[in-house]
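Working notes for the structure below.
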Amino acid sequence: MSDKKMWNASRFCVSSLRRGHANLLCIVPILVYVLPKHVHS
């Protein structure tokens, strides 16, 4: 996955979170990509 695609996905996520519907398609990848980085560092 390219950085630009990830950035677009995260922007889409943030905007949907602001509207109050957190999309699972959005949350799950964040948990998968972000949490392991925090755990291992």
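Ligands are numbered from 1 in the order shown, chains are lettered A, B, ... in the order of the structure tokens, and residues start at 1 in each chain.
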For this session: Would you list the contacts of region 11-15 of chain A as a list in words, taking every protein, DNA or RNA residue within 12 Å and counting only C-alpha atoms, but skipping same-chain residues closer than 2 positions in sequence?
Result: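 Selected residues are Lys4, Lys5, Met6, Trp7, Asn8, Ala9, Leu17, Arg18, Arg19, Gly20, His21, Ala22, Asn23, Leu24, Leu25, Cys26, Ile27, Val28, Pro29 and Ile30 of chain A.
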Filtering to N, CA and C atoms, could you give me those residues as a PDB file, in the first residue's frame?
ATOM      1  N   LYS A   4       0.510   7.486  -0.229  1.00  0.00           N
ATOM      2  CA  LYS A   4      -0.564   8.378  -0.650  1.00  0.00           C
ATOM      3  C   LYS A   4      -1.927   7.726  -0.456  1.00  0.00           C
ATOM      4  N   LYS A   5      -2.010   6.444  -0.764  1.00  0.00           N
ATOM      5  CA  LYS A   5      -3.276   5.735  -0.595  1.00  0.00           C
ATOM      6  C   LYS A   5      -3.636   5.645   0.888  1.00  0.00           C
ATOM      7  N   MET A   6      -2.645   5.389   1.723  1.00  0.00           N
ATOM      8  CA  MET A   6      -2.862   5.325   3.163  1.00  0.00           C
ATOM      9  C   MET A   6      -3.327   6.685   3.681  1.00  0.00           C
ATOM     10  N   TRP A   7      -2.703   7.751   3.169  1.00  0.00           N
ATOM     11  CA  TRP A   7      -3.063   9.109   3.588  1.00  0.00           C
ATOM     12  C   TRP A   7      -4.512   9.414   3.214  1.00  0.00           C
ATOM     13  N   ASN A   8      -4.907   9.059   1.986  1.00  0.00           N
ATOM     14  CA  ASN A   8      -6.284   9.279   1.558  1.00  0.00           C
ATOM     15  C   ASN A   8      -7.250   8.497   2.440  1.00  0.00           C
ATOM     16  N   ALA A   9      -6.888   7.274   2.759  1.00  0.00           N
ATOM     17  CA  ALA A   9      -7.740   6.444   3.606  1.00  0.00           C
ATOM     18  C   ALA A   9      -7.873   7.056   4.996  1.00  0.00           C
ATOM     19  N   LEU A  17     -15.253   9.900  11.020  1.00  0.00           N
ATOM     20  CA  LEU A  17     -15.286   9.937  12.482  1.00  0.00           C
ATOM     21  C   LEU A  17     -15.909  11.241  12.975  1.00  0.00           C
ATOM     22  N   ARG A  18     -15.580  12.334  12.311  1.00  0.00           N
ATOM     23  CA  ARG A  18     -16.146  13.628  12.707  1.00  0.00           C
ATOM     24  C   ARG A  18     -17.647  13.655  12.534  1.00  0.00           C
ATOM     25  N   ARG A  19     -18.143  12.957  11.512  1.00  0.00           N
ATOM     26  CA  ARG A  19     -19.592  12.910  11.290  1.00  0.00           C
ATOM     27  C   ARG A  19     -20.262  11.931  12.249  1.00  0.00           C
ATOM     28  N   GLY A  20     -19.488  11.112  12.910  1.00  0.00           N
ATOM     29  CA  GLY A  20     -20.036  10.228  13.933  1.00  0.00           C
ATOM     30  C   GLY A  20     -20.248   8.801  13.477  1.00  0.00           C
ATOM     31  N   HIS A  21     -19.987   8.501  12.189  1.00  0.00           N
ATOM     32  CA  HIS A  21     -20.079   7.103  11.817  1.00  0.00           C
ATOM     33  C   HIS A  21     -18.682   6.577  11.552  1.00  0.00           C
ATOM     34  N   ALA A  22     -18.100   5.988  12.559  1.00  0.00           N
ATOM     35  CA  ALA A  22     -16.797   5.362  12.414  1.00  0.00           C
ATOM     36  C   ALA A  22     -16.985   4.089  11.603  1.00  0.00           C
ATOM     37  N   ASN A  23     -16.334   4.045  10.452  1.00  0.00           N
ATOM     38  CA  ASN A  23     -16.480   2.920   9.549  1.00  0.00           C
ATOM     39  C   ASN A  23     -15.532   1.791   9.961  1.00  0.00           C
ATOM     40  N   LEU A  24     -16.053   0.603  10.122  1.00  0.00           N
ATOM     41  CA  LEU A  24     -15.204  -0.532  10.487  1.00  0.00           C
ATOM     42  C   LEU A  24     -14.112  -0.775   9.452  1.00  0.00           C
ATOM     43  N   LEU A  25     -14.436  -0.523   8.188  1.00  0.00           N
ATOM     44  CA  LEU A  25     -13.428  -0.701   7.144  1.00  0.00           C
ATOM     45  C   LEU A  25     -12.253   0.236   7.353  1.00  0.00           C
ATOM     46  N   CYS A  26     -12.521   1.293   8.089  1.00  0.00           N
ATOM     47  CA  CYS A  26     -11.537   2.288   8.416  1.00  0.00           C
ATOM     48  C   CYS A  26     -10.774   1.964   9.689  1.00  0.00           C
ATOM     49  N   ILE A  27     -11.533   1.550  10.706  1.00  0.00           N
ATOM     50  CA  ILE A  27     -10.945   1.315  12.021  1.00  0.00           C
ATOM     51  C   ILE A  27     -10.045   0.088  12.029  1.00  0.00           C
ATOM     52  N   VAL A  28     -10.509  -0.981  11.411  1.00  0.00           N
ATOM     53  CA  VAL A  28      -9.744  -2.228  11.454  1.00  0.00           C
ATOM     54  C   VAL A  28      -8.337  -2.076  10.878  1.00  0.00           C
ATOM     55  N   PRO A  29      -8.178  -1.495   9.668  1.00  0.00           N
ATOM     56  CA  PRO A  29      -6.816  -1.311   9.157  1.00  0.00           C
ATOM     57  C   PRO A  29      -5.953  -0.448  10.060  1.00  0.00           C
ATOM     58  N   ILE A  30      -6.533   0.565  10.681  1.00  0.00           N
ATOM     59  CA  ILE A  30      -5.758   1.410  11.594  1.00  0.00           C
ATOM     60  C   ILE A  30      -5.264   0.578  12.764  1.00  0.00           C
TER      61      ILE A  30
END
For this session: Per DSSP on the backbone, filter chain A down to the residues in helix (DSSP H, G or I) and report them as a PyMOL selection string.
Result: chain A and resi 3-19+24-40
